[in-house]
>>> print(open('input.cif').read())   # mmCIF, N, CA and C atoms
data_input
loop_
_atom_site.label_atom_id
_atom_site.label_comp_id
_atom_site.auth_asym_id
_atom_site.auth_seq_id
_atom_site.Cartn_x
_atom_site.Cartn_y
_atom_site.Cartn_z
N ALA F 1 132.07 208.45 194.64
CA ALA F 1 132.80 209.69 194.49
C ALA F 1 132.77 210.42 195.82
N ALA F 2 133.86 211.01 196.19
CA ALA F 2 133.93 211.80 197.41
C ALA F 2 133.95 213.27 197.03
N ALA F 3 133.35 214.09 197.85
CA ALA F 3 133.28 215.51 197.53
C ALA F 3 133.65 216.35 198.74
N ALA F 4 134.11 217.54 198.46
CA ALA F 4 134.39 218.53 199.49
C ALA F 4 133.91 219.86 198.96
N TRP F 5 133.57 220.78 199.84
CA TRP F 5 133.17 222.10 199.35
C TRP F 5 134.25 223.09 199.71
N ARG F 6 134.38 224.09 198.86
CA ARG F 6 135.36 225.14 199.10
C ARG F 6 134.79 226.43 198.55
N GLN F 7 135.30 227.53 199.09
CA GLN F 7 134.86 228.84 198.64
C GLN F 7 135.39 229.08 197.24
N ALA F 8 134.54 229.57 196.37
CA ALA F 8 134.94 229.85 195.00
C ALA F 8 135.60 231.22 194.93
N GLY F 9 136.42 231.38 193.97
CA GLY F 9 137.07 232.67 193.77
C GLY F 9 137.89 232.62 192.51
N PRO F 10 138.38 233.73 192.08
CA PRO F 10 139.18 233.75 190.86
C PRO F 10 140.35 232.79 190.97
N PRO F 11 140.77 232.14 189.92
CA PRO F 11 140.27 232.30 188.57
C PRO F 11 139.13 231.37 188.21
N MET F 12 138.70 230.49 189.13
CA MET F 12 137.71 229.48 188.79
C MET F 12 136.32 229.89 189.24
N VAL F 13 135.39 229.93 188.31
CA VAL F 13 133.98 230.14 188.63
C VAL F 13 133.23 229.05 187.87
N PRO F 14 133.22 227.81 188.42
CA PRO F 14 132.66 226.68 187.69
C PRO F 14 131.14 226.76 187.57
N GLN F 15 130.62 226.35 186.42
CA GLN F 15 129.19 226.28 186.22
C GLN F 15 128.84 225.08 185.35
N PRO F 16 129.14 223.85 185.84
CA PRO F 16 128.91 222.68 185.01
C PRO F 16 127.45 222.38 184.78
N THR F 17 126.57 222.89 185.63
CA THR F 17 125.16 222.56 185.51
C THR F 17 124.35 223.76 185.07
N GLY F 18 124.98 224.76 184.52
CA GLY F 18 124.28 225.96 184.10
C GLY F 18 124.26 226.98 185.22
N PRO F 19 123.81 228.18 184.92
CA PRO F 19 123.79 229.22 185.93
C PRO F 19 122.77 228.92 187.02
N PRO F 20 122.98 229.44 188.23
CA PRO F 20 122.02 229.24 189.30
C PRO F 20 120.66 229.79 188.90
N ARG F 21 119.59 229.22 189.47
CA ARG F 21 118.23 229.64 189.14
C ARG F 21 118.02 231.13 189.36
N THR F 22 118.57 231.67 190.43
CA THR F 22 118.31 233.06 190.77
C THR F 22 119.28 234.02 190.13
N GLY F 23 120.27 233.52 189.43
CA GLY F 23 121.28 234.38 188.86
C GLY F 23 122.27 234.87 189.90
N ALA F 24 122.22 234.28 191.09
CA ALA F 24 123.12 234.68 192.17
C ALA F 24 124.55 234.30 191.83
N PRO F 25 125.51 235.11 192.27
CA PRO F 25 126.92 234.76 192.01
C PRO F 25 127.29 233.49 192.77
N ILE F 26 128.26 232.77 192.22
CA ILE F 26 128.74 231.54 192.84
C ILE F 26 129.66 231.91 194.00
N THR F 27 129.32 231.43 195.19
CA THR F 27 130.09 231.71 196.40
C THR F 27 131.07 230.59 196.70
N ALA F 28 130.66 229.35 196.41
CA ALA F 28 131.48 228.17 196.71
C ALA F 28 131.11 227.08 195.71
N VAL F 29 131.86 226.00 195.75
CA VAL F 29 131.55 224.85 194.90
C VAL F 29 131.61 223.58 195.74
N LEU F 30 130.82 222.61 195.34
CA LEU F 30 130.91 221.26 195.87
C LEU F 30 131.77 220.52 194.87
N GLU F 31 132.99 220.14 195.28
CA GLU F 31 133.98 219.62 194.35
C GLU F 31 134.28 218.16 194.61
N CYS F 32 134.28 217.36 193.55
CA CYS F 32 134.68 215.96 193.66
C CYS F 32 136.18 215.91 193.89
N VAL F 33 136.59 215.24 194.97
CA VAL F 33 138.01 215.14 195.29
C VAL F 33 138.55 213.72 195.13
N ALA F 34 137.65 212.75 194.91
CA ALA F 34 138.08 211.37 194.68
C ALA F 34 136.97 210.62 193.96
N ALA F 35 137.34 209.84 192.95
CA ALA F 35 136.40 208.99 192.23
C ALA F 35 137.15 207.74 191.80
N LEU F 36 136.58 206.57 192.08
CA LEU F 36 137.25 205.31 191.77
C LEU F 36 137.57 205.20 190.28
N GLY F 37 138.82 204.91 189.99
CA GLY F 37 139.24 204.69 188.62
C GLY F 37 139.35 205.93 187.76
N MET F 38 139.22 207.12 188.35
CA MET F 38 139.25 208.35 187.57
C MET F 38 140.42 209.22 188.00
N ASP F 39 141.17 209.71 187.03
CA ASP F 39 142.22 210.68 187.29
C ASP F 39 141.57 212.05 187.20
N LEU F 40 141.22 212.61 188.35
CA LEU F 40 140.49 213.88 188.37
C LEU F 40 141.29 215.03 187.76
N ALA F 41 142.62 214.91 187.76
CA ALA F 41 143.46 215.96 187.15
C ALA F 41 143.22 216.05 185.65
N SER F 42 142.68 214.98 185.05
CA SER F 42 142.40 214.99 183.61
C SER F 42 141.12 215.75 183.27
N LEU F 43 140.33 216.08 184.29
CA LEU F 43 139.08 216.81 184.09
C LEU F 43 139.27 218.29 184.38
N SER F 44 138.51 219.11 183.69
CA SER F 44 138.54 220.54 183.98
C SER F 44 137.92 220.79 185.35
N PRO F 45 138.25 221.89 186.00
CA PRO F 45 137.63 222.19 187.29
C PRO F 45 136.10 222.23 187.20
N GLU F 46 135.56 222.71 186.09
CA GLU F 46 134.12 222.78 185.91
C GLU F 46 133.47 221.41 185.84
N ALA F 47 134.22 220.41 185.34
CA ALA F 47 133.69 219.06 185.17
C ALA F 47 133.66 218.28 186.48
N ARG F 48 134.26 218.82 187.52
CA ARG F 48 134.27 218.11 188.81
C ARG F 48 133.70 218.95 189.95
N ALA F 49 132.94 220.00 189.61
CA ALA F 49 132.41 220.88 190.65
C ALA F 49 130.97 221.28 190.37
N ILE F 50 130.20 221.42 191.43
CA ILE F 50 128.82 221.89 191.36
C ILE F 50 128.78 223.25 192.04
N PRO F 51 128.32 224.28 191.33
CA PRO F 51 128.31 225.63 191.91
C PRO F 51 127.29 225.76 193.04
N LEU F 52 127.66 226.52 194.07
CA LEU F 52 126.78 226.77 195.22
C LEU F 52 126.63 228.28 195.43
N PRO F 53 125.55 228.86 194.94
CA PRO F 53 125.31 230.27 195.21
C PRO F 53 124.87 230.45 196.67
N LEU F 54 125.10 231.60 197.21
CA LEU F 54 124.73 231.89 198.59
C LEU F 54 123.21 231.94 198.74
N ASP F 55 122.71 231.30 199.79
CA ASP F 55 121.28 231.32 200.16
C ASP F 55 120.35 230.72 199.12
N ASP F 56 120.84 229.88 198.25
CA ASP F 56 120.00 229.22 197.24
C ASP F 56 120.18 227.72 197.39
N ALA F 57 119.11 227.00 197.72
CA ALA F 57 119.19 225.55 197.86
C ALA F 57 119.48 224.92 196.50
N VAL F 58 120.41 223.98 196.48
CA VAL F 58 120.80 223.28 195.26
C VAL F 58 120.58 221.79 195.48
N GLU F 59 119.74 221.18 194.63
CA GLU F 59 119.56 219.73 194.70
C GLU F 59 120.68 219.07 193.92
N VAL F 60 121.20 218.00 194.50
CA VAL F 60 122.32 217.28 193.92
C VAL F 60 121.87 215.85 193.63
N GLY F 61 122.12 215.38 192.42
CA GLY F 61 121.78 214.02 192.05
C GLY F 61 121.86 213.83 190.54
N ARG F 62 121.67 212.60 190.11
CA ARG F 62 121.80 212.28 188.68
C ARG F 62 120.76 213.00 187.82
N GLN F 63 119.58 213.29 188.39
CA GLN F 63 118.54 213.99 187.64
C GLN F 63 118.84 215.48 187.51
N ARG F 64 119.55 216.04 188.48
CA ARG F 64 119.84 217.48 188.50
C ARG F 64 121.12 217.84 187.77
N GLN F 65 122.15 217.02 187.90
CA GLN F 65 123.43 217.25 187.22
C GLN F 65 123.61 216.13 186.20
N VAL F 66 122.86 216.22 185.12
CA VAL F 66 122.83 215.17 184.10
C VAL F 66 124.22 214.99 183.50
N GLY F 67 124.72 213.76 183.55
CA GLY F 67 126.02 213.42 182.99
C GLY F 67 127.20 213.68 183.92
N PHE F 68 127.01 214.47 184.95
CA PHE F 68 128.09 214.84 185.87
C PHE F 68 128.66 213.61 186.57
N PHE F 69 127.80 212.84 187.24
CA PHE F 69 128.26 211.67 187.99
C PHE F 69 128.66 210.53 187.06
N GLU F 70 128.00 210.43 185.91
CA GLU F 70 128.36 209.41 184.93
C GLU F 70 129.79 209.63 184.44
N GLN F 71 130.18 210.88 184.25
CA GLN F 71 131.55 211.18 183.82
C GLN F 71 132.55 210.86 184.92
N LEU F 72 132.22 211.23 186.15
CA LEU F 72 133.14 210.97 187.27
C LEU F 72 133.33 209.48 187.54
N LEU F 73 132.28 208.70 187.33
CA LEU F 73 132.33 207.27 187.65
C LEU F 73 132.35 206.39 186.40
N GLN F 74 132.82 206.92 185.29
CA GLN F 74 132.81 206.14 184.05
C GLN F 74 133.64 204.86 184.15
N ALA F 75 134.67 204.84 184.95
CA ALA F 75 135.51 203.63 185.10
C ALA F 75 134.88 202.62 186.06
N GLU F 76 133.98 203.06 186.90
CA GLU F 76 133.34 202.18 187.89
C GLU F 76 131.84 202.47 187.92
N GLN F 77 131.16 202.21 186.81
CA GLN F 77 129.76 202.60 186.67
C GLN F 77 128.81 201.91 187.64
N SER F 78 129.22 200.81 188.23
CA SER F 78 128.34 200.13 189.19
C SER F 78 128.03 201.02 190.40
N TRP F 79 128.91 202.00 190.68
CA TRP F 79 128.69 202.89 191.82
C TRP F 79 127.61 203.93 191.56
N LEU F 80 127.21 204.10 190.30
CA LEU F 80 126.13 205.05 189.99
C LEU F 80 124.82 204.68 190.67
N ALA F 81 124.64 203.39 190.96
CA ALA F 81 123.43 202.94 191.64
C ALA F 81 123.31 203.53 193.05
N PHE F 82 124.42 204.03 193.59
CA PHE F 82 124.42 204.60 194.93
C PHE F 82 124.22 206.11 194.93
N ILE F 83 124.07 206.69 193.75
CA ILE F 83 123.78 208.12 193.64
C ILE F 83 122.37 208.25 193.10
N SER F 84 121.48 208.76 193.91
CA SER F 84 120.07 208.86 193.55
C SER F 84 119.83 209.97 192.54
N ARG F 85 118.66 209.90 191.91
CA ARG F 85 118.28 210.98 190.99
C ARG F 85 118.21 212.30 191.73
N SER F 86 117.64 212.29 192.91
CA SER F 86 117.65 213.45 193.82
C SER F 86 118.28 212.97 195.11
N HIS F 87 119.57 213.14 195.24
CA HIS F 87 120.33 212.54 196.34
C HIS F 87 120.31 213.40 197.61
N CYS F 88 120.60 214.68 197.46
CA CYS F 88 120.60 215.57 198.63
C CYS F 88 120.35 216.99 198.19
N ARG F 89 120.05 217.83 199.15
CA ARG F 89 119.87 219.26 198.92
C ARG F 89 120.87 219.98 199.81
N VAL F 90 121.63 220.90 199.24
CA VAL F 90 122.62 221.65 200.01
C VAL F 90 122.30 223.14 199.89
N GLN F 91 122.54 223.85 200.98
CA GLN F 91 122.33 225.29 200.97
C GLN F 91 123.45 225.96 201.74
N LEU F 92 124.08 226.91 201.09
CA LEU F 92 125.16 227.68 201.67
C LEU F 92 124.58 228.99 202.19
N SER F 93 124.91 229.34 203.44
CA SER F 93 124.42 230.59 204.02
C SER F 93 125.50 231.20 204.89
N ARG F 94 125.29 232.44 205.26
CA ARG F 94 126.23 233.13 206.14
C ARG F 94 125.83 232.89 207.58
N GLY F 95 126.83 232.69 208.42
CA GLY F 95 126.62 232.57 209.85
C GLY F 95 127.16 233.80 210.54
N ALA F 96 127.06 233.82 211.83
CA ALA F 96 127.58 234.94 212.61
C ALA F 96 129.10 234.87 212.66
N ALA F 97 129.71 236.02 212.90
CA ALA F 97 131.17 236.07 213.07
C ALA F 97 131.54 235.29 214.32
N PRO F 98 132.65 234.58 214.29
CA PRO F 98 133.08 233.84 215.48
C PRO F 98 133.33 234.81 216.64
N GLN F 99 132.85 234.45 217.82
CA GLN F 99 133.00 235.34 218.98
C GLN F 99 134.46 235.53 219.37
N GLN F 100 135.29 234.51 219.15
CA GLN F 100 136.70 234.64 219.53
C GLN F 100 137.47 235.57 218.59
N ASP F 101 136.94 235.84 217.39
CA ASP F 101 137.60 236.74 216.45
C ASP F 101 136.55 237.52 215.66
N PRO F 102 135.97 238.57 216.25
CA PRO F 102 134.90 239.32 215.57
C PRO F 102 135.37 240.03 214.30
N LEU F 103 136.67 240.21 214.13
CA LEU F 103 137.18 240.85 212.92
C LEU F 103 137.24 239.88 211.74
N ALA F 104 137.07 238.60 212.02
CA ALA F 104 137.16 237.58 210.98
C ALA F 104 136.00 237.65 209.99
N GLY F 105 134.90 238.26 210.37
CA GLY F 105 133.74 238.34 209.49
C GLY F 105 132.88 237.09 209.60
N PRO F 106 131.77 237.08 208.88
CA PRO F 106 130.84 235.96 208.99
C PRO F 106 131.42 234.67 208.41
N GLN F 107 131.00 233.57 208.97
CA GLN F 107 131.39 232.26 208.47
C GLN F 107 130.37 231.80 207.44
N LEU F 108 130.77 230.88 206.60
CA LEU F 108 129.84 230.24 205.68
C LEU F 108 129.40 228.93 206.29
N LEU F 109 128.10 228.66 206.25
CA LEU F 109 127.53 227.43 206.78
C LEU F 109 126.94 226.63 205.63
N LEU F 110 127.12 225.33 205.65
CA LEU F 110 126.57 224.45 204.61
C LEU F 110 125.57 223.51 205.26
N ARG F 111 124.30 223.62 204.87
CA ARG F 111 123.25 222.73 205.37
C ARG F 111 123.06 221.63 204.34
N VAL F 112 123.03 220.38 204.80
CA VAL F 112 122.87 219.24 203.91
C VAL F 112 121.64 218.45 204.34
N GLU F 113 120.72 218.26 203.40
CA GLU F 113 119.51 217.48 203.65
C GLU F 113 119.55 216.23 202.78
N ASN F 114 119.43 215.07 203.38
CA ASN F 114 119.44 213.80 202.65
C ASN F 114 118.04 213.57 202.07
N LEU F 115 117.94 213.49 200.75
CA LEU F 115 116.66 213.24 200.07
C LEU F 115 116.52 211.78 199.64
N SER F 116 117.52 210.97 199.94
CA SER F 116 117.64 209.63 199.38
C SER F 116 117.69 208.56 200.46
N SER F 117 117.40 207.34 200.04
CA SER F 117 117.63 206.21 200.95
C SER F 117 119.09 205.76 200.85
N ASN F 118 119.83 206.28 199.86
CA ASN F 118 121.26 206.01 199.76
C ASN F 118 122.00 206.86 200.78
N PRO F 119 123.18 206.43 201.19
CA PRO F 119 123.90 207.16 202.23
C PRO F 119 124.42 208.53 201.77
N VAL F 120 124.38 209.46 202.70
CA VAL F 120 125.00 210.78 202.55
C VAL F 120 125.84 210.99 203.80
N PHE F 121 127.10 211.37 203.63
CA PHE F 121 127.99 211.57 204.77
C PHE F 121 128.49 213.01 204.78
N VAL F 122 128.55 213.59 205.97
CA VAL F 122 129.14 214.91 206.18
C VAL F 122 130.18 214.75 207.27
N CYS F 123 131.42 215.06 206.96
CA CYS F 123 132.53 214.90 207.91
C CYS F 123 132.59 213.48 208.46
N GLY F 124 132.32 212.50 207.59
CA GLY F 124 132.40 211.10 207.97
C GLY F 124 131.20 210.57 208.73
N ARG F 125 130.21 211.41 208.98
CA ARG F 125 129.01 210.98 209.73
C ARG F 125 127.81 210.89 208.79
N PRO F 126 127.02 209.83 208.93
CA PRO F 126 125.84 209.71 208.05
C PRO F 126 124.78 210.75 208.39
N VAL F 127 124.13 211.25 207.34
CA VAL F 127 123.01 212.18 207.49
C VAL F 127 121.73 211.39 207.29
N GLN F 128 120.86 211.39 208.26
CA GLN F 128 119.61 210.66 208.17
C GLN F 128 118.71 211.27 207.10
N LYS F 129 117.91 210.46 206.45
CA LYS F 129 116.99 210.94 205.41
C LYS F 129 116.04 211.97 206.01
N GLY F 130 115.86 213.06 205.29
CA GLY F 130 114.92 214.09 205.71
C GLY F 130 115.53 215.16 206.59
N TRP F 131 116.83 215.06 206.89
CA TRP F 131 117.45 216.10 207.73
C TRP F 131 118.47 216.86 206.95
#
>>> encode(input="input.cif", output="structure tokens")
Amino acid sequence: AAAAWRQAGPPMVPQPTGPPRTGAPITAVLECVAALGMDLASLSPEARAIPLPLDDAVEVGRQRQVGFFEQLLQAEQSWLAFISRSHCRVQLSRGAAPQQDPLAGPQLLLRVENLSSNPVFVCGRPVQKGW
């Protein structure tokens, strides 16, 4: 399954894995944008997104989002072996405003830590385990 993150906003506030631990509002989601053999349009937005509250680390994997990856990969279940129980940890935070446009406001930064021996890619580049 391939995923992309995007800033959350009305009308969608997905919470497929329950509310965030801290009760923080959802700022963005990690959204599945491709899954082998699955028509993602047939799923609700909540069924293909993991909520990302600001400044709260979220572990992603089969143990944390029970049934989430199984639903996305139901047509190609052999790929589930490549998604670890604790696959990665992501944290969304605010960065500084871009110097070229100080009126633009702060940027959102996404930190990704690979917790698995299975591959994790960010922008097409592999993330080494532990980073």
>>> atom_distance(input="input.cif", atom1="atom C of Phe69 of chain F", atom2="atom N of Leu108 of chain F")
28.3 Å
>>> atom_distance(input="input.cif", atom1="atom CA of Gln74 of chain F", atom2="atom C of His87 of chain F")
19.8 Å
>>> resolve_selection(input="input.cif", expression="the PyMOL selection byres ((chain F and resi 128) around 8)", output="list in words")
Glu113, Asn114, Leu115, Ser116, Pro119, Val120, Phe121, Arg125, Pro126, Val127, Lys129, Gly130 and Trp131 of chain F
>>> write_last_selection(input="input.cif", atoms="N, CA and C atoms", output="CSV table (one decimal), keeping the file's coordinate frame")
chain,number,residue,atom,x,y,z
F,113,GLU,N,120.7,218.3,203.4
F,113,GLU,CA,119.5,217.5,203.6
F,113,GLU,C,119.6,216.2,202.8
F,114,ASN,N,119.4,215.1,203.4
F,114,ASN,CA,119.4,213.8,202.6
F,114,ASN,C,118.0,213.6,202.1
F,115,LEU,N,117.9,213.5,200.8
F,115,LEU,CA,116.7,213.2,200.1
F,115,LEU,C,116.5,211.8,199.6
F,116,SER,N,117.5,211.0,199.9
F,116,SER,CA,117.6,209.6,199.4
F,116,SER,C,117.7,208.6,200.5
F,119,PRO,N,123.2,206.4,201.2
F,119,PRO,CA,123.9,207.2,202.2
F,119,PRO,C,124.4,208.5,201.8
F,120,VAL,N,124.4,209.5,202.7
F,120,VAL,CA,125.0,210.8,202.6
F,120,VAL,C,125.8,211.0,203.8
F,121,PHE,N,127.1,211.4,203.6
F,121,PHE,CA,128.0,211.6,204.8
F,121,PHE,C,128.5,213.0,204.8
F,125,ARG,N,130.2,211.4,209.0
F,125,ARG,CA,129.0,211.0,209.7
F,125,ARG,C,127.8,210.9,208.8
F,126,PRO,N,127.0,209.8,208.9
F,126,PRO,CA,125.8,209.7,208.0
F,126,PRO,C,124.8,210.8,208.4
F,127,VAL,N,124.1,211.2,207.3
F,127,VAL,CA,123.0,212.2,207.5
F,127,VAL,C,121.7,211.4,207.3
F,129,LYS,N,117.9,210.5,206.4
F,129,LYS,CA,117.0,210.9,205.4
F,129,LYS,C,116.0,212.0,206.0
F,130,GLY,N,115.9,213.1,205.3
F,130,GLY,CA,114.9,214.1,205.7
F,130,GLY,C,115.5,215.2,206.6
F,131,TRP,N,116.8,215.1,206.9
F,131,TRP,CA,117.4,216.1,207.7
F,131,TRP,C,118.5,216.9,207.0
>>> resolve_selection(input="input.cif", expression="the PyMOL selection byres (((chain F and resi 63 and name CA) around 12) and name CA)", output="NGL selection string")
:F and (17 or 59-62 or 64-70 or 80 or 83-88)
>>> write_last_selection(input="input.cif", atoms="N, CA and C atoms", output="mmCIF file, in the coordinates of the input")
data_model
loop_
_atom_site.group_PDB
_atom_site.id
_atom_site.type_symbol
_atom_site.label_atom_id
_atom_site.label_comp_id
_atom_site.auth_asym_id
_atom_site.auth_seq_id
_atom_site.Cartn_x
_atom_site.Cartn_y
_atom_site.Cartn_z
ATOM 1 N N THR F 17 126.570 222.890 185.630
ATOM 2 C CA THR F 17 125.160 222.560 185.510
ATOM 3 C C THR F 17 124.350 223.760 185.070
ATOM 4 N N GLU F 59 119.740 221.180 194.630
ATOM 5 C CA GLU F 59 119.560 219.730 194.700
ATOM 6 C C GLU F 59 120.680 219.070 193.920
ATOM 7 N N VAL F 60 121.200 218.000 194.500
ATOM 8 C CA VAL F 60 122.320 217.280 193.920
ATOM 9 C C VAL F 60 121.870 215.850 193.630
ATOM 10 N N GLY F 61 122.120 215.380 192.420
ATOM 11 C CA GLY F 61 121.780 214.020 192.050
ATOM 12 C C GLY F 61 121.860 213.830 190.540
ATOM 13 N N ARG F 62 121.670 212.600 190.110
ATOM 14 C CA ARG F 62 121.800 212.280 188.680
ATOM 15 C C ARG F 62 120.760 213.000 187.820
ATOM 16 N N ARG F 64 119.550 216.040 188.480
ATOM 17 C CA ARG F 64 119.840 217.480 188.500
ATOM 18 C C ARG F 64 121.120 217.840 187.770
ATOM 19 N N GLN F 65 122.150 217.020 187.900
ATOM 20 C CA GLN F 65 123.430 217.250 187.220
ATOM 21 C C GLN F 65 123.610 216.130 186.200
ATOM 22 N N VAL F 66 122.860 216.220 185.120
ATOM 23 C CA VAL F 66 122.830 215.170 184.100
ATOM 24 C C VAL F 66 124.220 214.990 183.500
ATOM 25 N N GLY F 67 124.720 213.760 183.550
ATOM 26 C CA GLY F 67 126.020 213.420 182.990
ATOM 27 C C GLY F 67 127.200 213.680 183.920
ATOM 28 N N PHE F 68 127.010 214.470 184.950
ATOM 29 C CA PHE F 68 128.090 214.840 185.870
ATOM 30 C C PHE F 68 128.660 213.610 186.570
ATOM 31 N N PHE F 69 127.800 212.840 187.240
ATOM 32 C CA PHE F 69 128.260 211.670 187.990
ATOM 33 C C PHE F 69 128.660 210.530 187.060
ATOM 34 N N GLU F 70 128.000 210.430 185.910
ATOM 35 C CA GLU F 70 128.360 209.410 184.930
ATOM 36 C C GLU F 70 129.790 209.630 184.440
ATOM 37 N N LEU F 80 127.210 204.100 190.300
ATOM 38 C CA LEU F 80 126.130 205.050 189.990
ATOM 39 C C LEU F 80 124.820 204.680 190.670
ATOM 40 N N ILE F 83 124.070 206.690 193.750
ATOM 41 C CA ILE F 83 123.780 208.120 193.640
ATOM 42 C C ILE F 83 122.370 208.250 193.100
ATOM 43 N N SER F 84 121.480 208.760 193.910
ATOM 44 C CA SER F 84 120.070 208.860 193.550
ATOM 45 C C SER F 84 119.830 209.970 192.540
ATOM 46 N N ARG F 85 118.660 209.900 191.910
ATOM 47 C CA ARG F 85 118.280 210.980 190.990
ATOM 48 C C ARG F 85 118.210 212.300 191.730
ATOM 49 N N SER F 86 117.640 212.290 192.910
ATOM 50 C CA SER F 86 117.650 213.450 193.820
ATOM 51 C C SER F 86 118.280 212.970 195.110
ATOM 52 N N HIS F 87 119.570 213.140 195.240
ATOM 53 C CA HIS F 87 120.330 212.540 196.340
ATOM 54 C C HIS F 87 120.310 213.400 197.610
ATOM 55 N N CYS F 88 120.600 214.680 197.460
ATOM 56 C CA CYS F 88 120.600 215.570 198.630
ATOM 57 C C CYS F 88 120.350 216.990 198.190
#
>>> atom_distance(input="input.cif", atom1="atom CA of Leu73 of chain F", atom2="atom C of Cys32 of chain F")
11.3 Å
>>> select_by_dssp(input="input.cif", residues="segment 37-74 of chain F", states="helix (DSSP H, G or I)", output="ChimeraX atom specification")
/F:40-42,45-48,68-72
>>> resolve_selection(input="input.cif", expression="the PyMOL selection byres ((chain F and resi 110) around 5)", output="PyMOL selection string")
chain F and resi 91-92+108-109+111-112
>>> closest_residue(input="input.cif", among="F:Ala81, F:Leu72, F:Val29, F:Val90", to="Ser117 of chain F", atoms="only C-alpha atoms")
F:Ala81
>>> closest_residue(input="input.cif", among="F:Ala41, F:Ala75, F:Ala34, F:Ile26", to="Pro53 of chain F", atoms="all atoms listed in the file")
F:Ile26
>>> closest_residue(input="input.cif", among="F:Leu30, F:Ala57, F:Leu52, F:Pro25", to="Arg89 of chain F", atoms="only N, CA and C atoms")
F:Ala57
>>> select_by_dssp(input="input.cif", residues="segment 58-117 of chain F", states="strand (DSSP E or B)", output="list in words")
Val58, Glu59, Val60, Cys88, Arg89, Val90, Gln91, Leu92, Ser93, Arg94, Leu108, Leu109, Leu110, Arg111, Val112, Glu113 and Asn114 of chain F
>>> closest_residue(input="input.cif", among="F:Ser93, F:Met38, F:Leu43, F:Trp79", to="Val58 of chain F", atoms="only C-alpha atoms")
F:Ser93
>>> build_atoms(input="input.cif", residues="segment 89-94 of chain F", atoms="all heavy atoms", output="CSV table (one decimal), keeping the file's coordinate frame")
chain,number,residue,atom,x,y,z
F,89,ARG,N,120.0,217.8,199.2
F,89,ARG,CA,119.9,219.3,198.9
F,89,ARG,C,120.9,220.0,199.8
F,89,ARG,O,121.0,219.7,201.0
F,89,ARG,CB,118.5,219.7,199.3
F,89,ARG,CG,118.2,221.2,199.0
F,89,ARG,CD,116.7,221.6,199.3
F,89,ARG,NE,115.8,220.8,198.5
F,89,ARG,CZ,114.8,220.0,199.0
F,89,ARG,NH1,114.7,219.9,200.3
F,89,ARG,NH2,114.0,219.4,198.1
F,90,VAL,N,121.6,220.9,199.2
F,90,VAL,CA,122.6,221.6,200.0
F,90,VAL,C,122.3,223.1,199.9
F,90,VAL,O,121.8,223.6,198.9
F,90,VAL,CB,124.1,221.4,199.6
F,90,VAL,CG1,124.4,219.9,199.8
F,90,VAL,CG2,124.3,221.7,198.1
F,91,GLN,N,122.5,223.8,201.0
F,91,GLN,CA,122.3,225.3,201.0
F,91,GLN,C,123.4,226.0,201.7
F,91,GLN,O,123.7,225.6,202.9
F,91,GLN,CB,121.0,225.7,201.6
F,91,GLN,CG,120.7,227.2,201.5
F,91,GLN,CD,119.3,227.5,201.8
F,91,GLN,OE1,118.5,226.7,202.1
F,91,GLN,NE2,119.0,228.8,201.7
F,92,LEU,N,124.1,226.9,201.1
F,92,LEU,CA,125.2,227.7,201.7
F,92,LEU,C,124.6,229.0,202.2
F,92,LEU,O,123.8,229.7,201.5
F,92,LEU,CB,126.2,228.0,200.6
F,92,LEU,CG,127.5,228.6,201.0
F,92,LEU,CD1,128.3,227.6,201.9
F,92,LEU,CD2,128.3,229.0,199.8
F,93,SER,N,124.9,229.3,203.4
F,93,SER,CA,124.4,230.6,204.0
F,93,SER,C,125.5,231.2,204.9
F,93,SER,O,126.5,230.6,205.2
F,93,SER,CB,123.1,230.3,204.8
F,93,SER,OG,123.4,229.5,205.9
F,94,ARG,N,125.3,232.4,205.3
F,94,ARG,CA,126.2,233.1,206.1
F,94,ARG,C,125.8,232.9,207.6
F,94,ARG,O,124.7,232.9,207.9
F,94,ARG,CB,126.2,234.6,205.9
F,94,ARG,CG,126.8,235.0,204.5
F,94,ARG,CD,127.2,236.5,204.5
F,94,ARG,NE,127.5,236.9,203.2
F,94,ARG,CZ,128.7,236.7,202.6
F,94,ARG,NH1,129.6,236.1,203.2
F,94,ARG,NH2,128.9,237.1,201.3
